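Quick notes on the structure that follows.
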Amino acid sequence: MEYKTKPTGKPSDFYAIGLVVTGAIFWRITFVQDSLIALYQLLSVIMFGAAMYLLIRYRLTVFSFRIEGRNGAVVDIRTAMPEELDFVVGKMRGKGAVPLARLSLDELKSVKTVSTELLKDKARELSLFKYHPDMSPDEGVLIVFSGGAKDIGIFSCLSSEMLAFLEKTASDNLRGVDI
């Protein structure tokens, strides 16, 4: 089972355009200003660099989420036990894929749709990784895994099929724990 995010560019495209325009203004000032030329050029380069970062991160990066057998083994995920499955996060730019995380599904604690305001409160309690394709989403899915000192949280968006599978796995994991 695999899901790939689709970049929307909201609102990062507007910020990137604003940064490019501001950088161009600072660069143009260097032709008419006699003092502080190096400062204006530095500000211009910083603005262009920030615009490039926003475009690369929020427009050209695709995150993939896969549920697969432990260490890449071929298994039927509908019949496999959580301890036989991994949740794999990858990042793709162009044709190259970079693995970001491989977490065991038997360590899955919870899967919830949360608002960004609630996420800010949870960020203190978790080692939080944001793999959402939007710069400022209203809500997303928070997936929490058991970790060492702190639990591990992944914030993104998922397909309804993968979300339902992870919710069922999390509830099965909680039922199996002796309290």
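As shown in the structure tokens, the chain order sets the letters A, B, ...; within each chain, residues go from 1, and ligands are also counted from 1 in the order they appear.
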Worksheet entry | Distance query His132 in chain A at most 9 Å, only C-alpha atoms, self and fewer than 2 positions along chain excluded, as a PyMOL selection string | chain A and resi 5+7+58+63+130+134-137+140+155-157
For the residues in that selection, give me C-alpha atoms as an mmCIF file, in the first residue's frame.
```
data_model
loop_
_atom_site.group_PDB
_atom_site.id
_atom_site.type_symbol
_atom_site.label_atom_id
_atom_site.label_comp_id
_atom_site.auth_asym_id
_atom_site.auth_seq_id
_atom_site.Cartn_x
_atom_site.Cartn_y
_atom_site.Cartn_z
ATOM 1 C CA THR A 5 1.549 13.505 -1.603
ATOM 2 C CA PRO A 7 2.226 19.425 -3.854
ATOM 3 C CA TYR A 58 6.815 22.869 -1.204
ATOM 4 C CA PHE A 63 6.670 12.481 0.046
ATOM 5 C CA LYS A 130 6.355 17.423 9.243
ATOM 6 C CA ASP A 134 1.394 22.436 2.098
ATOM 7 C CA MET A 135 3.237 25.195 3.894
ATOM 8 C CA SER A 136 0.410 26.028 6.295
ATOM 9 C CA PRO A 137 -2.311 23.360 6.251
ATOM 10 C CA GLY A 140 -3.495 16.860 8.737
ATOM 11 C CA PHE A 155 2.415 14.945 10.422
ATOM 12 C CA SER A 156 1.178 14.709 6.838
ATOM 13 C CA CYS A 157 -1.852 13.828 4.741
#
```
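Around Gly148 in chain A, within 12 Å and counting only C-alpha atoms, the residues found are Glu107, Leu126, Ser127, Phe145, Ser146, Lys150, Asp151 and Ile152 of chain A, once anything fewer than 2 positions away on its own chain is removed.
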Save out the residues we just selected, C-alpha atoms, as a PDB file, in the first residue's frame.
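Written output follows (part33.pdb):
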```
ATOM      1  CA  GLU A 107       5.088   0.459  17.723  1.00  0.00           C
ATOM      2  CA  LEU A 126       6.871  14.402  20.501  1.00  0.00           C
ATOM      3  CA  SER A 127       9.847  14.201  18.204  1.00  0.00           C
ATOM      4  CA  PHE A 145       4.884   5.733  17.203  1.00  0.00           C
ATOM      5  CA  SER A 146       6.501   4.653  20.480  1.00  0.00           C
ATOM      6  CA  LYS A 150      10.035  10.773  23.337  1.00  0.00           C
ATOM      7  CA  ASP A 151       7.381   9.342  21.061  1.00  0.00           C
ATOM      8  CA  ILE A 152       7.823   9.904  17.322  1.00  0.00           C
TER       9      ILE A 152
END
```
Fill in: Picked from range 65-174 of chain A by DSSP as helix (DSSP H, G or I), as JSON, numbers by chain
{"A": [70, 71, 72, 82, 83, 84, 105, 106, 107, 116, 117, 118, 119, 120, 121, 122, 160, 161, 162, 163, 164, 165, 166, 167, 168, 169, 170, 171, 172, 173, 174]}
Practice prompt. With a distance cut-off of 9 Å and only C-alpha atoms, select the neighbouring residues of Glu84 in chain A, excluding the residue or stretch itself and same-chain residues fewer than 3 positions from it, and output the selection as a list in words.
Written response: Glu68, Gly69, Arg70, Ala73, Val75, Ile77, Ala80, Met81, Ser104, Leu105 and Asp106 of chain A
Fill in: Separation of CA of Val88 in chain A from CA of Leu100 in chain A in Å
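Computing the Euclidean distance for CA of Leu100 in chain A and CA of Val88 in chain A yields 7.7 Å.
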Worksheet item: In Å, with one decimal, what is the gap from CA of Met92 in chain A to CA of Gly72 in chain A?
Response: 18.3 Å
Contacts of range 10-17 of chain A at 12 Å or less, counting only C-alpha atoms, minus same-chain residues fewer than 6 places along, as an mmCIF file with C-alpha atoms, in the first residue's frame?
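Printed below is part_26.cif as written:
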```
data_model
loop_
_atom_site.group_PDB
_atom_site.id
_atom_site.type_symbol
_atom_site.label_atom_id
_atom_site.label_comp_id
_atom_site.auth_asym_id
_atom_site.auth_seq_id
_atom_site.Cartn_x
_atom_site.Cartn_y
_atom_site.Cartn_z
ATOM 1 C CA GLY A 23 15.236 40.462 -3.964
ATOM 2 C CA ALA A 24 14.994 42.155 -7.366
ATOM 3 C CA MET A 47 15.763 36.664 -0.674
ATOM 4 C CA PHE A 48 16.527 34.653 -3.823
ATOM 5 C CA GLY A 49 17.837 31.748 -1.723
ATOM 6 C CA ALA A 50 14.727 31.727 0.474
ATOM 7 C CA ALA A 51 12.507 31.727 -2.633
ATOM 8 C CA MET A 52 14.434 28.759 -4.055
ATOM 9 C CA TYR A 53 14.078 26.865 -0.768
ATOM 10 C CA LEU A 54 10.303 27.413 -0.717
ATOM 11 C CA LEU A 55 9.916 26.256 -4.310
ATOM 12 C CA ILE A 56 12.061 23.162 -3.803
ATOM 13 C CA ARG A 57 10.476 22.154 -0.484
ATOM 14 C CA TYR A 58 6.815 22.869 -1.204
ATOM 15 C CA ARG A 59 6.516 22.579 -4.993
ATOM 16 C CA LEU A 60 9.141 20.078 -6.153
ATOM 17 C CA HIS A 132 2.917 17.793 4.747
ATOM 18 C CA PRO A 133 2.914 19.047 1.141
ATOM 19 C CA ASP A 134 1.394 22.436 2.098
ATOM 20 C CA MET A 135 3.237 25.195 3.894
ATOM 21 C CA SER A 136 0.410 26.028 6.295
ATOM 22 C CA PRO A 137 -2.311 23.360 6.251
ATOM 23 C CA ASP A 138 -5.496 23.710 8.286
#
```
Worksheet item: Pick from A:Ala149, A:Leu158, A:Ile29, A:Ile143: nearest to Ser64 in chain A, with only C-alpha atoms counted?
Response: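 Looking only at the distances to Ser64 in chain A, the closest residue turns out to be A:Leu158.
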Discussion item. With DSSP run on the backbone, what are the strand (DSSP E or B) residues within range 67-177 of chain A? I'd like them as number ranges by chain.
Written reply: A: 67-69, 85-93, 96-104, 108-115, 126-130, 139-145, 151-156
Practice prompt. Measuring atom to atom with only C-alpha atoms, identify which of A:Ile46, A:Thr61, A:Ile154, A:Lys168 is nearest to Gly94 in chain A.
Written response: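 Between A:Ile46, A:Thr61, A:Ile154, A:Lys168, the residue approaching Gly94 in chain A most closely is A:Thr61.
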Fill in: Distance criterion (only C-alpha atoms): nearest to Lys95 in chain A out of A:Leu119, A:Val144, A:Val62, A:Val20
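The answer is A:Val62, which sits nearest to Lys95 in chain A.
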Fill in: Interatomic distance (Å, one decimal) between CA of Glu117 in chain A and CA of Ser160 in chain A
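Atom-to-atom, CA of Glu117 in chain A to CA of Ser160 in chain A, that is 22.4 Å.
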